[in-house]
Structures are given as C-alpha cells and as structure tokens.
>>> print(open('coords32.txt').read())   # compact mmCIF, C-alpha atoms
# COMPACT_ATOMS: atom_id res chain seq x y z
CA MET A 1 27.47 13.57 10.01
CA GLN A 2 31.12 12.98 9.34
CA GLY A 3 33.34 9.97 8.79
CA LYS A 4 32.82 6.26 8.31
CA GLY A 5 31.95 3.70 10.89
CA GLY A 6 30.23 0.55 11.95
CA ILE A 7 26.69 0.11 13.15
CA GLY A 8 27.41 1.76 16.48
CA THR A 9 28.86 5.00 15.11
CA VAL A 10 26.04 7.51 15.63
CA MET A 11 25.70 10.91 17.24
CA ASN A 12 23.03 13.17 18.61
CA GLN A 13 20.29 13.68 16.02
CA ASN A 14 20.75 17.45 16.05
CA VAL A 15 24.35 16.89 14.95
CA ILE A 16 23.46 14.22 12.37
CA PHE A 17 20.75 16.33 10.75
CA ASP A 18 22.69 19.55 10.77
CA GLU A 19 21.79 22.96 9.37
CA GLU A 20 23.33 22.26 5.97
CA CYS A 21 20.64 20.63 3.80
CA GLN A 22 18.56 20.26 6.94
CA ILE A 23 15.50 18.03 6.89
CA ASN A 24 12.61 20.47 6.91
CA GLY A 25 9.11 19.48 8.00
CA ARG A 26 7.58 22.75 6.84
CA ARG A 27 8.94 22.24 3.33
CA ALA A 28 7.61 18.68 3.34
CA CYS A 29 4.21 19.94 4.47
CA GLU A 30 4.14 22.49 1.64
CA PHE A 31 4.71 19.70 -0.87
CA VAL A 32 1.81 17.74 0.62
CA LYS A 33 -0.39 20.82 0.47
CA LYS A 34 0.54 21.45 -3.17
CA CYS A 35 -0.32 17.92 -4.30
CA ALA A 36 -3.17 16.96 -1.94
CA TYR A 37 -5.70 16.21 -4.66
CA VAL A 38 -7.01 12.85 -5.86
CA ARG A 39 -4.18 11.12 -7.76
CA GLU A 40 -5.67 7.84 -8.95
CA ALA A 41 -3.26 5.78 -11.04
CA GLY A 42 -3.62 6.28 -14.76
CA THR A 43 -5.02 9.81 -14.50
CA GLU A 44 -3.66 13.24 -15.44
CA GLN A 45 -3.48 14.05 -11.73
CA GLU A 46 -1.04 11.20 -11.12
CA VAL A 47 1.12 12.44 -14.00
CA ARG A 48 0.95 15.96 -12.57
CA THR A 49 2.27 14.70 -9.24
CA ALA A 50 5.11 12.80 -10.95
CA GLU A 51 6.07 16.06 -12.64
CA ALA A 52 5.99 17.86 -9.27
CA LEU A 53 8.33 15.22 -7.83
CA MET A 54 10.74 15.73 -10.72
CA GLU A 55 10.67 19.50 -10.16
CA GLU A 56 11.46 19.03 -6.46
CA LEU A 57 14.40 16.79 -7.29
CA ALA A 58 15.72 19.29 -9.83
CA SER A 59 15.51 22.08 -7.24
CA ALA A 60 17.79 19.94 -5.04
CA GLY A 61 20.28 19.48 -7.87
CA LEU A 62 19.24 15.87 -8.49
CA ALA A 63 18.61 14.40 -11.93
CA GLY A 64 15.53 12.29 -11.43
CA ARG A 65 14.21 9.82 -13.96
CA VAL A 66 10.71 8.68 -14.92
CA GLU A 67 10.10 4.99 -15.56
CA PRO A 68 6.72 4.52 -17.25
CA PHE A 69 4.78 1.27 -17.20
CA ARG A 70 1.43 0.01 -18.42
CA PHE A 71 -0.97 -1.89 -16.22
CA ARG A 72 -4.17 -3.84 -16.61
CA GLN A 73 -7.16 -3.10 -14.44
CA LYS A 74 -10.84 -3.83 -14.24
CA LYS A 75 -13.38 -1.19 -15.21
CA VAL A 76 -16.75 -1.60 -13.55
CA LEU A 77 -19.68 -1.63 -15.98
CA ALA A 78 -22.47 -2.58 -13.57
CA GLU A 79 -22.79 -3.37 -9.85
CA LYS A 80 -26.11 -3.70 -8.06
CA LEU A 81 -28.10 -5.86 -5.67
CA ILE A 82 -31.88 -6.06 -5.94
CA VAL A 83 -34.10 -7.79 -3.42
CA THR A 84 -36.83 -9.66 -5.29
CA LYS A 85 -38.59 -11.46 -2.37
CA PRO A 86 -40.39 -10.76 -0.07
CA TYR A 87 -40.02 -7.08 -0.98
CA GLU A 88 -38.38 -5.16 -3.83
CA LYS A 89 -35.52 -2.75 -3.27
CA GLU A 90 -32.17 -1.96 -4.89
CA TYR A 91 -29.02 -1.52 -2.78
CA ASP A 92 -25.68 0.09 -3.63
CA ILE A 93 -22.76 -2.32 -3.68
CA ILE A 94 -19.10 -2.11 -4.67
CA SER A 95 -17.91 -5.02 -6.80
CA VAL A 96 -14.62 -6.65 -5.87
CA LEU A 97 -12.19 -5.99 -8.69
CA ASN A 98 -11.11 -8.99 -10.75
CA CYS A 99 -14.09 -11.11 -9.67
CA GLU A 100 -16.13 -13.31 -11.98
CA ASN A 101 -18.84 -11.54 -14.00
CA THR A 102 -22.49 -12.40 -13.73
CA PRO A 103 -24.57 -12.68 -16.91
CA PRO A 104 -25.82 -9.25 -18.05
CA GLU A 105 -29.18 -9.86 -16.39
CA GLY A 106 -27.46 -10.99 -13.16
CA ILE A 107 -28.01 -14.09 -11.08
CA VAL A 108 -31.07 -14.70 -8.92
CA ALA A 109 -30.68 -16.87 -5.82
CA PRO A 110 -31.68 -17.15 -2.17
CA LEU A 111 -29.80 -14.88 0.25
CA LEU A 112 -28.14 -16.29 3.38
CA TYR A 113 -26.14 -14.56 6.14
CA VAL A 114 -23.24 -16.86 7.08
CA GLU A 115 -21.47 -14.56 9.57
CA TYR A 116 -17.72 -15.41 9.32
CA GLY A 117 -18.27 -18.34 6.99
CA ASP A 118 -17.98 -21.11 9.57
CA GLU A 119 -18.43 -24.74 8.60
CA ILE A 120 -21.94 -25.09 10.03
CA SER A 121 -23.30 -21.89 8.47
CA LEU A 122 -21.81 -22.79 5.09
CA SER A 123 -23.40 -26.24 5.19
CA HIS A 124 -26.64 -24.48 4.15
CA ALA A 125 -25.06 -22.21 1.51
CA ARG A 126 -25.02 -24.31 -1.69
CA GLY A 127 -26.68 -22.49 -4.57
CA LYS A 128 -27.11 -19.30 -2.56
CA ILE A 129 -25.72 -15.77 -2.50
CA VAL A 130 -24.23 -15.26 0.95
CA LEU A 131 -23.61 -12.26 3.16
CA VAL A 132 -20.28 -12.70 4.97
CA ASN A 133 -18.37 -10.58 7.45
CA GLY A 134 -15.47 -9.31 5.34
CA PRO A 135 -12.97 -9.13 3.97
CA VAL A 136 -12.93 -12.43 2.13
CA LYS A 137 -9.34 -13.47 1.54
CA LYS A 138 -7.95 -16.57 -0.13
CA GLU A 139 -8.62 -19.11 2.64
CA LYS A 140 -12.19 -17.97 3.23
CA TYR A 141 -12.78 -17.73 -0.52
CA GLU A 142 -11.81 -21.38 -0.90
CA CYS A 143 -14.31 -22.29 1.84
CA LEU A 144 -17.06 -20.42 -0.02
CA LEU A 145 -16.09 -22.13 -3.26
CA GLU A 146 -16.21 -25.57 -1.63
CA ALA A 147 -19.58 -24.74 -0.05
CA GLY A 148 -21.02 -24.12 -3.52
CA VAL A 149 -22.12 -20.50 -3.15
CA VAL A 150 -23.06 -18.77 -6.42
CA GLY A 151 -22.12 -15.30 -5.18
CA PHE A 152 -21.11 -13.46 -2.02
CA LEU A 153 -21.20 -10.00 -0.50
CA GLU A 154 -18.66 -8.80 2.06
CA ILE A 155 -20.05 -6.60 4.82
CA ARG A 156 -18.02 -3.42 5.23
CA GLY A 157 -18.28 -0.06 6.99
CA THR A 158 -19.72 0.89 10.38
CA PRO A 159 -23.17 1.84 11.71
CA ASN A 160 -21.87 5.39 12.30
CA ASP A 161 -21.08 6.16 8.65
CA LYS A 162 -22.89 9.07 7.04
CA MET A 163 -24.60 8.77 3.67
CA GLU A 164 -21.61 10.06 1.67
CA ASP A 165 -19.28 7.67 3.49
CA ARG A 166 -21.51 4.73 2.64
CA LYS A 167 -21.11 5.54 -1.04
CA GLU A 168 -17.33 5.85 -0.89
CA MET A 169 -16.21 2.36 0.06
CA SER A 170 -13.04 1.70 -1.90
CA PRO A 171 -13.03 -1.43 -4.08
CA ARG A 172 -10.83 -4.33 -3.05
CA ILE A 173 -8.67 -6.28 -5.47
CA HIS A 174 -9.03 -10.04 -5.50
CA GLN A 175 -5.96 -11.96 -4.31
CA VAL A 176 -7.29 -15.17 -5.85
CA ASP A 177 -5.96 -16.49 -9.16
CA GLN A 178 -8.74 -17.24 -11.63
CA PRO A 179 -11.68 -16.28 -9.36
CA SER A 180 -14.95 -17.95 -10.31
CA ILE A 181 -17.53 -16.39 -7.95
CA PRO A 182 -19.22 -13.01 -8.57
CA CYS A 183 -18.81 -10.85 -5.48
CA GLY A 184 -18.91 -7.39 -4.03
CA ALA A 185 -19.19 -5.37 -0.83
CA VAL A 186 -22.35 -4.09 0.84
CA HIS A 187 -22.39 -1.48 3.56
CA TYR A 188 -23.02 -2.55 7.16
CA LEU A 189 -26.29 -0.61 7.42
CA ASP A 190 -27.65 -2.09 4.21
CA ALA A 191 -26.60 -5.58 5.30
CA LEU A 192 -28.36 -5.02 8.61
CA GLU A 193 -31.54 -4.05 6.78
CA LEU A 194 -31.30 -7.11 4.53
CA VAL A 195 -31.01 -9.42 7.53
CA GLU A 196 -33.61 -7.72 9.73
CA HIS A 197 -36.14 -7.49 6.89
CA HIS A 198 -35.55 -11.16 6.07
CA ALA A 199 -34.60 -10.70 2.42
CA GLU A 200 -35.13 -14.14 0.92
CA GLU A 201 -34.17 -13.79 -2.73
CA VAL A 202 -31.89 -11.31 -4.52
CA ARG A 203 -30.57 -10.49 -7.95
CA LEU A 204 -26.81 -9.80 -8.05
CA VAL A 205 -25.35 -7.96 -11.05
CA VAL A 206 -21.56 -7.58 -11.35
CA ARG A 207 -20.04 -6.70 -14.72
CA GLN A 208 -16.41 -5.66 -15.35
CA GLU A 209 -14.11 -5.42 -18.34
CA GLU A 210 -10.32 -5.29 -18.54
CA VAL A 211 -8.73 -2.03 -19.67
CA THR A 212 -5.16 -0.76 -19.72
CA GLY A 213 -3.76 2.23 -17.87
CA ASP A 214 -0.47 4.11 -17.86
CA SER A 215 1.50 5.05 -14.78
CA GLN A 216 5.07 5.88 -13.89
CA ASN A 217 7.64 5.55 -11.15
CA VAL A 218 9.93 8.45 -10.32
CA ALA A 219 13.43 7.63 -9.10
CA VAL A 220 16.83 9.13 -8.41
CA ARG A 221 20.07 7.37 -7.49
CA ILE A 222 22.85 8.70 -5.30
CA GLU A 223 25.93 6.60 -5.96
CA GLY A 224 27.90 5.37 -3.00
CA SER A 225 31.63 5.67 -2.53
CA ASP A 226 33.52 2.54 -1.46
CA ARG A 227 30.40 0.34 -1.04
CA ALA A 228 28.64 1.49 -4.21
CA GLU A 229 27.91 -2.05 -5.45
CA GLU A 230 25.41 -2.47 -2.60
CA ILE A 231 22.05 -0.70 -3.04
CA LEU A 232 19.67 0.47 -0.31
CA THR A 233 16.25 1.76 -1.40
CA LEU A 234 14.03 4.39 0.21
CA THR A 235 10.53 4.25 -1.23
CA ALA A 236 6.95 5.51 -1.01
CA HIS A 237 3.94 5.50 -3.31
CA TYR A 238 2.42 8.79 -4.47
CA ASP A 239 -0.88 7.72 -6.03
CA SER A 240 -4.17 7.78 -4.12
CA VAL A 241 -7.51 6.01 -4.14
CA PRO A 242 -10.33 7.89 -5.91
CA GLN A 243 -12.24 8.36 -2.64
CA GLY A 244 -9.95 11.06 -1.22
CA PRO A 245 -6.84 13.21 -1.70
CA GLY A 246 -4.55 10.83 0.19
CA ALA A 247 -2.51 13.32 2.20
CA TYR A 248 -1.83 10.68 4.86
CA ASP A 249 -1.90 7.76 2.42
CA ASN A 250 0.61 8.41 1.09
CA LEU A 251 1.62 11.88 -0.04
CA SER A 252 3.23 12.42 3.37
CA GLY A 253 5.38 9.34 2.81
CA ALA A 254 6.40 10.70 -0.58
CA ALA A 255 7.36 14.02 1.05
CA ILE A 256 9.49 12.22 3.65
CA ILE A 257 11.44 10.41 0.93
CA LEU A 258 11.92 13.75 -0.87
CA GLU A 259 13.43 15.27 2.25
CA LEU A 260 15.84 12.35 2.58
CA ALA A 261 16.87 12.60 -1.08
CA ARG A 262 17.70 16.27 -0.49
CA TYR A 263 19.66 15.40 2.62
CA PHE A 264 21.77 12.62 1.13
CA ALA A 265 22.51 14.73 -1.96
CA CYS A 266 24.52 16.89 0.46
CA HIS A 267 25.87 13.99 2.54
CA PRO A 268 27.06 11.28 0.12
CA PRO A 269 26.76 7.72 1.46
CA ARG A 270 29.17 4.81 1.20
CA ARG A 271 26.47 2.53 -0.21
CA THR A 272 24.34 3.51 -3.18
CA LEU A 273 20.95 4.93 -2.23
CA GLU A 274 18.02 4.64 -4.62
CA PHE A 275 14.99 6.86 -3.91
CA ILE A 276 11.78 5.70 -5.61
CA TRP A 277 8.27 7.10 -5.72
CA PHE A 278 5.90 4.40 -6.96
CA GLY A 279 2.77 4.89 -9.02
CA ALA A 280 -0.26 2.59 -8.99
CA GLU A 281 0.33 1.16 -5.51
CA GLU A 282 -3.37 1.35 -4.78
CA LYS A 283 -4.05 -0.83 -7.83
CA GLY A 284 -2.10 -3.70 -6.26
CA LEU A 285 1.54 -2.59 -5.68
CA LEU A 286 1.93 -2.27 -9.46
CA GLY A 287 4.62 0.42 -9.40
CA SER A 288 6.97 -1.61 -7.24
CA LEU A 289 6.23 -4.77 -9.23
CA SER A 290 7.14 -2.84 -12.37
CA TYR A 291 10.40 -1.77 -10.70
CA MET A 292 11.20 -5.41 -9.95
CA GLU A 293 10.69 -6.23 -13.62
CA GLN A 294 12.66 -3.30 -15.01
CA HIS A 295 15.60 -3.75 -12.62
CA GLU A 296 15.64 -7.54 -12.46
CA LYS A 297 19.30 -7.88 -13.44
CA GLU A 298 20.55 -5.66 -10.61
CA LEU A 299 18.30 -7.05 -7.87
CA PRO A 300 21.19 -9.15 -6.45
CA ARG A 301 22.86 -5.85 -5.53
CA HIS A 302 19.88 -4.74 -3.42
CA ARG A 303 20.44 -5.24 0.31
CA PHE A 304 17.52 -3.53 2.08
CA ASN A 305 14.30 -1.67 1.31
CA MET A 306 13.04 1.13 3.58
CA ASN A 307 9.47 1.98 2.60
CA VAL A 308 7.06 4.58 4.03
CA ASP A 309 3.29 4.18 3.82
CA LEU A 310 0.97 6.24 6.06
CA ALA A 311 2.71 9.20 7.66
CA GLY A 312 2.42 12.76 8.82
CA GLN A 313 -0.33 12.80 11.46
CA ARG A 314 0.78 14.22 14.82
CA LEU A 315 -1.13 11.82 17.07
CA GLY A 316 -0.45 8.14 16.61
CA GLY A 317 2.40 5.70 16.86
CA THR A 318 5.13 4.75 14.42
CA VAL A 319 5.44 1.09 13.52
CA PHE A 320 8.12 -0.62 11.45
CA GLY A 321 6.68 -3.67 9.75
CA VAL A 322 9.75 -5.81 9.08
CA THR A 323 9.54 -8.54 6.45
CA ALA A 324 12.88 -10.09 7.30
CA GLY A 325 14.69 -11.91 10.10
CA GLU A 326 14.76 -10.98 13.76
CA GLU A 327 18.23 -9.46 13.32
CA VAL A 328 16.71 -6.69 11.19
CA CYS A 329 14.27 -5.89 13.99
CA GLU A 330 17.12 -5.75 16.48
CA THR A 331 19.12 -3.49 14.17
CA ILE A 332 16.25 -1.01 13.86
CA LYS A 333 15.64 -1.04 17.62
CA SER A 334 19.33 -0.44 18.29
CA ILE A 335 19.48 2.51 15.90
CA MET A 336 16.30 4.06 17.32
CA ARG A 337 17.53 3.68 20.90
CA LYS A 338 20.67 5.62 20.01
CA ALA A 339 18.54 8.24 18.27
CA ASP A 340 16.21 8.32 21.31
CA MET A 341 13.15 8.07 19.06
CA GLY A 342 10.26 5.86 20.13
CA MET A 343 8.60 3.34 17.80
CA ILE A 344 7.33 -0.24 17.62
CA VAL A 345 8.84 -3.01 15.51
CA SER A 346 6.73 -5.88 14.22
CA ARG A 347 7.81 -8.81 12.05
CA SER A 348 5.09 -9.15 9.43
CA VAL A 349 4.15 -9.06 5.79
CA TRP A 350 3.04 -5.45 5.41
CA ALA A 351 0.39 -4.39 2.88
CA SER A 352 2.67 -2.06 0.94
CA ASP A 353 5.45 -1.83 -1.64
CA SER A 354 8.00 -3.40 0.69
CA ASN A 355 6.29 -6.69 -0.16
CA SER A 356 7.57 -6.54 -3.74
CA PHE A 357 11.16 -6.37 -2.50
CA ALA A 358 10.68 -9.10 0.09
CA TRP A 359 9.04 -11.29 -2.57
CA LYS A 360 12.36 -11.13 -4.43
CA GLY A 361 14.32 -12.11 -1.31
CA ILE A 362 15.36 -8.58 -0.32
CA PRO A 363 14.89 -7.75 3.41
CA ALA A 364 12.38 -4.93 3.70
CA THR A 365 10.48 -2.75 6.12
CA THR A 366 7.57 -0.36 5.90
CA MET A 367 7.48 2.55 8.32
CA GLY A 368 3.85 3.45 9.01
CA ARG A 369 2.11 5.72 11.47
CA ASP A 370 -1.29 5.05 12.99
CA GLY A 371 -3.76 7.68 11.92
CA PHE A 372 -7.22 8.52 10.66
CA GLY A 373 -8.99 8.71 7.31
CA MET A 374 -7.16 6.24 5.08
CA HIS A 375 -9.04 5.65 1.81
CA THR A 376 -11.73 8.21 2.67
CA ARG A 377 -12.60 11.81 1.92
CA TYR A 378 -11.23 12.71 5.37
CA ASP A 379 -7.63 12.04 4.31
CA THR A 380 -6.75 15.71 3.83
CA ILE A 381 -3.95 18.15 4.54
CA ALA A 382 -5.90 19.35 7.60
CA LEU A 383 -4.62 16.37 9.61
CA ILE A 384 -0.99 16.60 8.47
CA SER A 385 1.67 18.00 10.80
CA ALA A 386 5.00 19.52 9.73
CA GLU A 387 6.47 18.34 13.03
CA ALA A 388 5.35 14.74 12.41
CA LEU A 389 6.75 14.82 8.87
CA GLU A 390 10.11 16.06 10.12
CA SER A 391 10.21 13.48 12.89
CA GLY A 392 9.36 10.66 10.47
CA ALA A 393 12.02 11.78 8.02
CA LYS A 394 14.67 11.92 10.75
CA MET A 395 13.65 8.52 12.04
CA LEU A 396 14.01 6.85 8.64
CA GLY A 397 17.06 9.00 7.92
CA TRP A 398 18.82 7.62 10.98
CA ILE A 399 18.36 4.08 9.71
CA ALA A 400 19.40 4.94 6.16
CA TRP A 401 22.47 6.84 7.34
CA THR A 402 23.62 4.15 9.74
CA LEU A 403 23.23 1.34 7.22
CA SER A 404 24.65 3.28 4.29
CA MET A 405 27.79 4.16 6.27
CA ALA A 406 28.41 0.89 8.14
CA ASP A 407 31.60 -1.08 7.41
CA GLU A 408 29.47 -4.19 6.91
CA MET A 409 25.71 -4.70 6.68
CA PRO A 410 24.57 -6.03 10.07
CA PHE A 411 22.16 -8.60 8.61
CA ALA A 412 22.07 -11.07 5.75
CA ARG A 413 20.31 -10.59 2.45
CA GLU A 414 17.51 -13.07 3.07
CA VAL A 415 13.81 -13.32 3.86
CA PRO A 416 12.56 -16.07 6.21
CA GLU A 417 10.85 -19.02 4.55
CA GLU A 418 7.47 -18.40 6.19
CA PHE A 419 7.33 -14.88 4.77
CA GLY A 420 8.46 -16.13 1.37
CA LYS A 421 5.60 -18.63 1.25
CA GLU A 422 3.03 -16.02 2.24
CA LEU A 423 4.32 -13.59 -0.39
CA GLU A 424 4.30 -16.28 -3.07
CA GLU A 425 0.66 -16.96 -2.27
CA ARG A 426 -0.13 -13.24 -2.54
CA PHE A 427 1.70 -12.62 -5.77
CA GLY A 428 1.79 -16.05 -7.44
CA SER A 429 2.86 -15.84 -11.05
CA VAL A 430 0.53 -12.99 -11.98
CA VAL A 431 2.12 -9.58 -12.50
CA SER A 432 -0.25 -7.09 -14.16
CA VAL A 433 2.38 -4.64 -15.39
CA SER A 434 4.56 -4.21 -18.44
CA TYR A 435 7.54 -1.93 -19.02
CA VAL A 436 7.05 0.95 -21.45
CA SER A 437 10.33 1.88 -23.11
>>> encode(input="coords32.txt", output="structure tokens")
Amino acid sequence: MQGKGGIGTVMNQNVIFDEECQINGRRACEFVKKCAYVREAGTEQEVRTAEALMEELASAGLAGRVEPFRFRQKKVLAEKLIVTKPYEKEYDIISVLNCENTPPEGIVAPLLYVEYGDEISLSHARGKIVLVNGPVKKEKYECLLEAGVVGFLEIRGTPNDKMEDRKEMSPRIHQVDQPSIPCGAVHYLDALELVEHHAEEVRLVVRQEEVTGDSQNVAVRIEGSDRAEEILTLTAHYDSVPQGPGAYDNLSGAAIILELARYFACHPPRRTLEFIWFGAEEKGLLGSLSYMEQHEKELPRHRFNMNVDLAGQRLGGTVFGVTAGEEVCETIKSIMRKADMGMIVSRSVWASDSNSFAWKGIPATTMGRDGFGMHTRYDTIALISAEALESGAKMLGWIAWTLSMADEMPFAREVPEEFGKELEERFGSVVSVSYVS
C-alpha cells in the first residue's frame, strides 16, 4: 500500500496486504487458542488476557496502555421457582440481573401463561406471576407493569437442549431504569411442564445484591500524519460470559484487531488510528462506556468506529451493522466491491460496543459473522478457522486503510435521529462505570 488518495484509490488485496507485516490468520488463531478460557469481567482470567494483549502489542513494537475502570454489578444470592399447587416441585431459573428483589421468603401468587403478552392475555394477569415468551424488553415490560403482574418468567432455550445446556442459560441485564418487578428466565422444557401440568400457584424467590468489580481496557494509538487530528477506532471486546470460553464471542474479534494493529504499525496512516480491546462488554458494554467517559474531551475528534463482535468461524456470512446514515453503508459496499469480498450491510443498532460510539454521535459499525455457540460451552477454538480470521482482518483492514488514507472522509460525523433516540432509550442517564486513575 503506497501513496495517498481519495476513496477510490485501492488496489488488489494481495498488493495491499503485502508480505511485509502481513496479516496472518495462523498467528491470529494461535492467540485465540492461547486465551480460549472463560474470561468473565472482574476475574483473574480477564486480567490475564489483558496482559496477553499487552505482550502481543509489545512484540509488534507497540506501546500499549491499560485503562482500568470499576463497575457495579448484581451478585445473585437466590433464584428459584417452587410450584405449591396442585403439586410441589422446584425448578431452576436464572434471575434477570438488576431486577427487583422479592422478600427473602419469596412471593406466592397464581401462575399464568400469557404467550407474547398480548392485551387480551394480560387482561387476566393482575396479581399473578406470568410466563411470557422472552425476552422481555422495555416495551413489553411496560405492558406487564400496566397489567399489574407481581412477577414474570421469560421462556428461553429449545426443546433439544441437553441437561447441561439447560443449566447454562446466560443471565440477561435489564434495560429498564428502576425496575420494580421480580423476574427471571425459565427453560423451555420446564415451562412446558409447568403449563402441561397446570401449575396453579408458585413461589418465586429472586435475591440480588450490588457489588463492585474491576476491569480494564487495553489500547494503542498509531498517530496519523497530515490528518492526525481525526481519529478512527478499531475495537473488539475480549471478555467472555461465564458459560463458555468465548472463542467466537469475541476472542476472534480481539485477534483480528491485533492483526490490524500489527499491520498499521508498519504502514502508518494519514488519520490517527486507535485500537481498543474492551473489558466487561458482556456486563453491558461497560468497557466502551468507560472509554467514552475517560476520553470525553477528545470525542469531537472521533470520526468513525469499526468494531468486531463474533468472528472466526469458516461457515457463515459477514454482516456490517451500520449505526449511521445510508452514505456509510454505500461507502462500505463500495470498498468491499473493489476488494472483491462478499458481505451484507444492514443499517441497525447493533448489540455491541459500537453502540457506545453511536450514542455519542460518532458513526459506527460492527462487523459480525454468523456462527454457532455464542454464550454457550460450545464456543470453543474447535470451530475457529485461521482462514476466516485472516479474511475478516483483511476485510476490516480494507475499510480502515481506505478511510485512514482518503483526502476527505466520505461521510459526515453524525448519527440519524431515529438511531439516537433508540440509543438514548437503551442507555438513558445510567452509566455503571467509573474511571480508576
């Protein structure tokens, strides 16, 4: 890759990603293999992975930095559902994090299945604990609140799940400010038994307490030349859920960003590139929210975020979820056509760290790849492909190179109003992180 140019100045990908500092899928796969263990935020394993990222950056001659932050989270003390009439049986449930607590002894109420929570079904729900096809998001939650339910259980999972899978449903984090209804998730097969056996009355126990945890972002900055005041970010989270080692979600994404940091260290850009590996994404995008807080003064310099979340499986399709205007979609399509690399572009609010940037008015995209095993014990290195990692890195590298070297950015620094409203509803004024100096 030589010279400067506008948006149309690109070459064959084998020339762009040349032998010097070549993007290497096998090296990326080795990093995934080395760190494919459970890396829940706030644990020693997450710290260990942050240290591994720093070592990789140092081996590439890059001086990375660690930005620690503290976060609040809910610790589950008790979660159970007991049928009291017409039979007695206890069922495993997973409480929804940040929900309202029951009294220590729980709440006893009639049980009612309300399917998707339609108006007619909910007309019979006052004073009851309801089973509802999940997940329950803000709009449905408000319907349940208005209907006067005293508790609810989302139905999750599939009838094909094995016993160990039924026990490993990952908890969901409430997106409702000041929730007032105790709630949790019950597995599909247990819900089916409750309905078919005509469970009439149940005792719901949900108890949580707030605790603090410590996490950290890892970052490195490659200063641009004549467009250095403009910042483009390439990001991925490196933590995992406790249910599995998260090779696909999202250690592969972290490895892709590492490969691009290595590449651009050898091929300096015109615009400044910031590479960031976020901690605590699975706790509610807390690493990227912490970055927004710590770097608030320089956010006006940020022009575009390129995030990766879900990567590395050979079979599947690559999708760019663009939280920005249509011109960003067209730019990505144009670049990928020149690179002759297939993908799909969708304008949406993606469930990943790109949201934190878009919330602050910075156009953003998340590159994801359809795959198998997210948030389960099946998310292992066995399904990760060196070829897919290399292809994903080159795909995102094409976009980063083209934008970092263009004479002018081909789109404005803005996020459409409809996305802004949706993000404001998701984030509100609650940010559960604090900077640790």
>>> atom_distance(input="coords32.txt", atom1="CA of Tyr238 in chain A", atom2="CA of Arg39 in chain A")
7.7 Å
>>> residues_around(input="coords32.txt", residues="Gly325 in chain A", least_positions_apart="2", cutoff="12 Å", atoms="only C-alpha atoms", output="PyMOL selection string")
chain A and resi 304+321-323+327-332+345-349+358+361-365+410-420
>>> axis_aligned_box(input="coords32.txt", around="range 213-230 of chain A", padding_each_side="5 Å", output="lines of an AutoDock Vina configuration file")
center_x = 14.9
center_y = 3.3
center_z = -9.5
size_x = 47.3
size_y = 21.6
size_z = 26.8
>>> atom_distance(input="coords32.txt", atom1="CA of Asp177 in chain A", atom2="CA of Pro135 in chain A")
16.6 Å
>>> closest_residue(input="coords32.txt", among="A:Gln243, A:Thr158, A:Ser354, A:Ser404", to="Pro268 in chain A", atoms="only C-alpha atoms")
A:Ser404
>>> atom_distance(input="coords32.txt", atom1="CA of Tyr116 in chain A", atom2="CA of Asp370 in chain A")
26.5 Å
>>> closest_residue(input="coords32.txt", among="A:Arg314, A:Glu229, A:Met405, A:Cys35", to="Pro300 in chain A", atoms="all atoms listed in the file")
A:Glu229
>>> closest_residue(input="coords32.txt", among="A:Ala52, A:Ala324, A:Leu299, A:Ile399", to="Lys360 in chain A", atoms="only C-alpha atoms")
A:Leu299
>>> closest_residue(input="coords32.txt", among="A:Lys333, A:Lys74, A:Arg48, A:Lys128", to="Arg203 in chain A", atoms="all atoms listed in the file")
A:Lys128
>>> residues_around(input="coords32.txt", residues="Ala58 in chain A", least_positions_apart="3", cutoff="12 Å", atoms="only C-alpha atoms", output="PyMOL selection string")
chain A and resi 51-55+61-65+219-220+258+261-262+265
>>> residues_around(input="coords32.txt", residues="Phe264 in chain A", least_positions_apart="4", cutoff="10 Å", atoms="all atoms listed in the file", output="list in words")
Cys21, Ile222, Glu259, Leu260, Pro268, Pro269, Leu273, Gly397, Ala400 and Trp401 of chain A
>>> closest_residue(input="coords32.txt", among="A:Lys33, A:Lys85, A:Lys80, A:His375", to="Ala199 in chain A", atoms="all atoms listed in the file")
A:Lys85
>>> residues_around(input="coords32.txt", residues="range 377-386 of chain A", least_positions_apart="4", cutoff="9 Å", atoms="all atoms listed in the file", output="MDAnalysis selection string")
chainID A and resid 24:30 32:33 36:37 165 168 243:249 252 311:314 372:373 390:391
>>> closest_residue(input="coords32.txt", among="A:Thr233, A:Pro182, A:Gly42, A:Ile256", to="Arg70 in chain A", atoms="all atoms listed in the file")
A:Gly42
>>> residues_around(input="coords32.txt", residues="Ile129 in chain A", least_positions_apart="5", cutoff="10 Å", atoms="all atoms listed in the file", output="list in words")
Ile107, Val108, Ala109, Pro110, Leu111, Leu112, Tyr113, Val114, Gly148, Val149, Val150, Gly151, Phe152, Leu153, Ile181, Pro182, Cys183, Glu201, Val202, Arg203 and Leu204 of chain A
